[in-house]
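Everything on this sheet refers to the single structure shown next.
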Amino acid sequence: MAWVVLVLSGVLEAVWATALSASNGFRKVVPTIVFVAGMVLSMVGLAFAMKAIPVGTAYAVWVGIGASLTVVVAILRRQEAASVARVALVLGLVACVVGLKVVS
């Protein structure tokens, strides 16, 4: 259960990071609300997962999932350019997250 919560918390990290960008410096209300809600839920989930998963592993997985999804969302929205190198590096990050799960 802790791993499921950790993965969902990583997804919520991407949600709040994307909403933070969309909030335009907290000038837009809806993205700001999504940012706050996403951040709180993400942190609560991370804290829950850390009861069963070592802190270093949990944090690395949480950040890896959040960072990877944030890049993918930015590429899909055409806010960032996709390149072979960028896609390969994000896939490498995903492979590292999967590797941490395998060895844990």
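Please note that chains go A, B, ... in the order of the structure tokens, that every chain numbers its residues from 1, and that ligands are numbered from 1 in the order shown.
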
Practice item. With a distance cut-off of 10 Å and only C-alpha atoms, select the neighbouring residues of segment 73-82 of chain A, excluding the residue or stretch itself and same-chain residues fewer than 5 positions from it, and output the selection as a PyMOL selection string. Key: chain A and resi 14-15+18+67-68+87

**Study point:** Surrounding residues of Ile65 of chain A excluding itself and chain neighbours under 3 positions, 10 Å, only C-alpha atoms, as a VMD selection string
**Key:** chain A and resid 6 to 14 59 to 62 68 to 70 90 93 to 94 97 to 98

Convert the current residue selection to file output with N, CA, C and O atoms, as a PDB file, in the first residue's frame.
```
ATOM      1  N   LEU A   6       2.854   6.231  -2.539  1.00  0.00           N
ATOM      2  CA  LEU A   6       4.033   6.981  -2.971  1.00  0.00           C
ATOM      3  C   LEU A   6       3.946   7.351  -4.445  1.00  0.00           C
ATOM      4  O   LEU A   6       4.232   8.487  -4.825  1.00  0.00           O
ATOM      5  N   VAL A   7       3.531   6.415  -5.264  1.00  0.00           N
ATOM      6  CA  VAL A   7       3.393   6.700  -6.702  1.00  0.00           C
ATOM      7  C   VAL A   7       2.328   7.776  -6.930  1.00  0.00           C
ATOM      8  O   VAL A   7       2.543   8.731  -7.697  1.00  0.00           O
ATOM      9  N   LEU A   8       1.197   7.653  -6.260  1.00  0.00           N
ATOM     10  CA  LEU A   8       0.146   8.676  -6.394  1.00  0.00           C
ATOM     11  C   LEU A   8       0.637  10.035  -5.899  1.00  0.00           C
ATOM     12  O   LEU A   8       0.314  11.069  -6.498  1.00  0.00           O
ATOM     13  N   SER A   9       1.432  10.041  -4.852  1.00  0.00           N
ATOM     14  CA  SER A   9       1.998  11.292  -4.342  1.00  0.00           C
ATOM     15  C   SER A   9       2.977  11.896  -5.343  1.00  0.00           C
ATOM     16  O   SER A   9       3.043  13.118  -5.496  1.00  0.00           O
ATOM     17  N   GLY A  10       3.719  11.052  -6.040  1.00  0.00           N
ATOM     18  CA  GLY A  10       4.608  11.531  -7.099  1.00  0.00           C
ATOM     19  C   GLY A  10       3.826  12.152  -8.244  1.00  0.00           C
ATOM     20  O   GLY A  10       4.229  13.181  -8.798  1.00  0.00           O
ATOM     21  N   VAL A  11       2.702  11.537  -8.588  1.00  0.00           N
ATOM     22  CA  VAL A  11       1.829  12.113  -9.627  1.00  0.00           C
ATOM     23  C   VAL A  11       1.309  13.475  -9.169  1.00  0.00           C
ATOM     24  O   VAL A  11       1.287  14.440  -9.938  1.00  0.00           O
ATOM     25  N   LEU A  12       0.919  13.552  -7.899  1.00  0.00           N
ATOM     26  CA  LEU A  12       0.427  14.830  -7.368  1.00  0.00           C
ATOM     27  C   LEU A  12       1.530  15.887  -7.333  1.00  0.00           C
ATOM     28  O   LEU A  12       1.246  17.081  -7.432  1.00  0.00           O
ATOM     29  N   GLU A  13       2.782  15.453  -7.221  1.00  0.00           N
ATOM     30  CA  GLU A  13       3.872  16.429  -7.295  1.00  0.00           C
ATOM     31  C   GLU A  13       3.899  17.078  -8.675  1.00  0.00           C
ATOM     32  O   GLU A  13       4.081  18.290  -8.800  1.00  0.00           O
ATOM     33  N   ALA A  14       3.696  16.277  -9.702  1.00  0.00           N
ATOM     34  CA  ALA A  14       3.639  16.832 -11.054  1.00  0.00           C
ATOM     35  C   ALA A  14       2.443  17.764 -11.214  1.00  0.00           C
ATOM     36  O   ALA A  14       2.530  18.791 -11.883  1.00  0.00           O
ATOM     37  N   TYR A  59      11.901   9.451  -1.037  1.00  0.00           N
ATOM     38  CA  TYR A  59      12.080  10.795  -1.582  1.00  0.00           C
ATOM     39  C   TYR A  59      12.562  10.746  -3.035  1.00  0.00           C
ATOM     40  O   TYR A  59      12.067  11.481  -3.887  1.00  0.00           O
ATOM     41  N   ALA A  60      13.510   9.851  -3.321  1.00  0.00           N
ATOM     42  CA  ALA A  60      14.017   9.735  -4.690  1.00  0.00           C
ATOM     43  C   ALA A  60      12.920   9.296  -5.661  1.00  0.00           C
ATOM     44  O   ALA A  60      12.815   9.828  -6.773  1.00  0.00           O
ATOM     45  N   VAL A  61      12.109   8.350  -5.244  1.00  0.00           N
ATOM     46  CA  VAL A  61      11.010   7.889  -6.100  1.00  0.00           C
ATOM     47  C   VAL A  61       9.993   9.001  -6.294  1.00  0.00           C
ATOM     48  O   VAL A  61       9.541   9.267  -7.414  1.00  0.00           O
ATOM     49  N   TRP A  62       9.632   9.694  -5.227  1.00  0.00           N
ATOM     50  CA  TRP A  62       8.655  10.789  -5.277  1.00  0.00           C
ATOM     51  C   TRP A  62       9.126  11.882  -6.232  1.00  0.00           C
ATOM     52  O   TRP A  62       8.387  12.317  -7.111  1.00  0.00           O
ATOM     53  N   SER A  68       9.670  13.587 -13.767  1.00  0.00           N
ATOM     54  CA  SER A  68       9.446  12.967 -15.073  1.00  0.00           C
ATOM     55  C   SER A  68       8.100  13.380 -15.661  1.00  0.00           C
ATOM     56  O   SER A  68       8.012  13.777 -16.821  1.00  0.00           O
ATOM     57  N   LEU A  69       7.060  13.287 -14.851  1.00  0.00           N
ATOM     58  CA  LEU A  69       5.728  13.655 -15.344  1.00  0.00           C
ATOM     59  C   LEU A  69       5.619  15.149 -15.646  1.00  0.00           C
ATOM     60  O   LEU A  69       4.942  15.538 -16.596  1.00  0.00           O
ATOM     61  N   THR A  70       6.288  15.964 -14.856  1.00  0.00           N
ATOM     62  CA  THR A  70       6.261  17.408 -15.107  1.00  0.00           C
ATOM     63  C   THR A  70       6.892  17.721 -16.465  1.00  0.00           C
ATOM     64  O   THR A  70       6.365  18.527 -17.236  1.00  0.00           O
ATOM     65  N   VAL A  90      14.851  11.449 -19.521  1.00  0.00           N
ATOM     66  CA  VAL A  90      13.641  11.223 -18.717  1.00  0.00           C
ATOM     67  C   VAL A  90      13.370   9.728 -18.592  1.00  0.00           C
ATOM     68  O   VAL A  90      13.028   9.240 -17.505  1.00  0.00           O
ATOM     69  N   LEU A  93      15.602   8.413 -16.014  1.00  0.00           N
ATOM     70  CA  LEU A  93      15.099   8.739 -14.682  1.00  0.00           C
ATOM     71  C   LEU A  93      13.997   7.763 -14.269  1.00  0.00           C
ATOM     72  O   LEU A  93      13.988   7.266 -13.139  1.00  0.00           O
ATOM     73  N   VAL A  94      13.105   7.466 -15.188  1.00  0.00           N
ATOM     74  CA  VAL A  94      12.036   6.499 -14.919  1.00  0.00           C
ATOM     75  C   VAL A  94      12.648   5.124 -14.625  1.00  0.00           C
ATOM     76  O   VAL A  94      12.214   4.429 -13.696  1.00  0.00           O
ATOM     77  N   VAL A  97      13.851   5.044 -11.091  1.00  0.00           N
ATOM     78  CA  VAL A  97      12.742   4.915 -10.132  1.00  0.00           C
ATOM     79  C   VAL A  97      12.291   3.459 -10.074  1.00  0.00           C
ATOM     80  O   VAL A  97      12.106   2.894  -8.984  1.00  0.00           O
ATOM     81  N   VAL A  98      12.130   2.834 -11.226  1.00  0.00           N
ATOM     82  CA  VAL A  98      11.742   1.420 -11.256  1.00  0.00           C
ATOM     83  C   VAL A  98      12.815   0.567 -10.585  1.00  0.00           C
ATOM     84  O   VAL A  98      12.500  -0.343  -9.805  1.00  0.00           O
TER      85      VAL A  98
END
```

Check your understanding: Taking the backbone alone, and naming residues the way the document does, which bits of segment 33-99 of chain A are alpha helix (DSSP H) by DSSP, as a PyMOL selection string?
Key -> chain A and resi 33-49+55-76+84-99

**Study point:** Selected residue of minimal separation from Lys101 of chain A among A:Arg86, A:Ala58, A:Ala52, A:Thr32, counting only C-alpha atoms
**Key:**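 The answer is A:Ala58, which sits nearest to Lys101 of chain A.
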
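For the pair atom CA of Met1 of chain A and atom CA of Trp16 of chain A, the interatomic distance is 22.5 Å.
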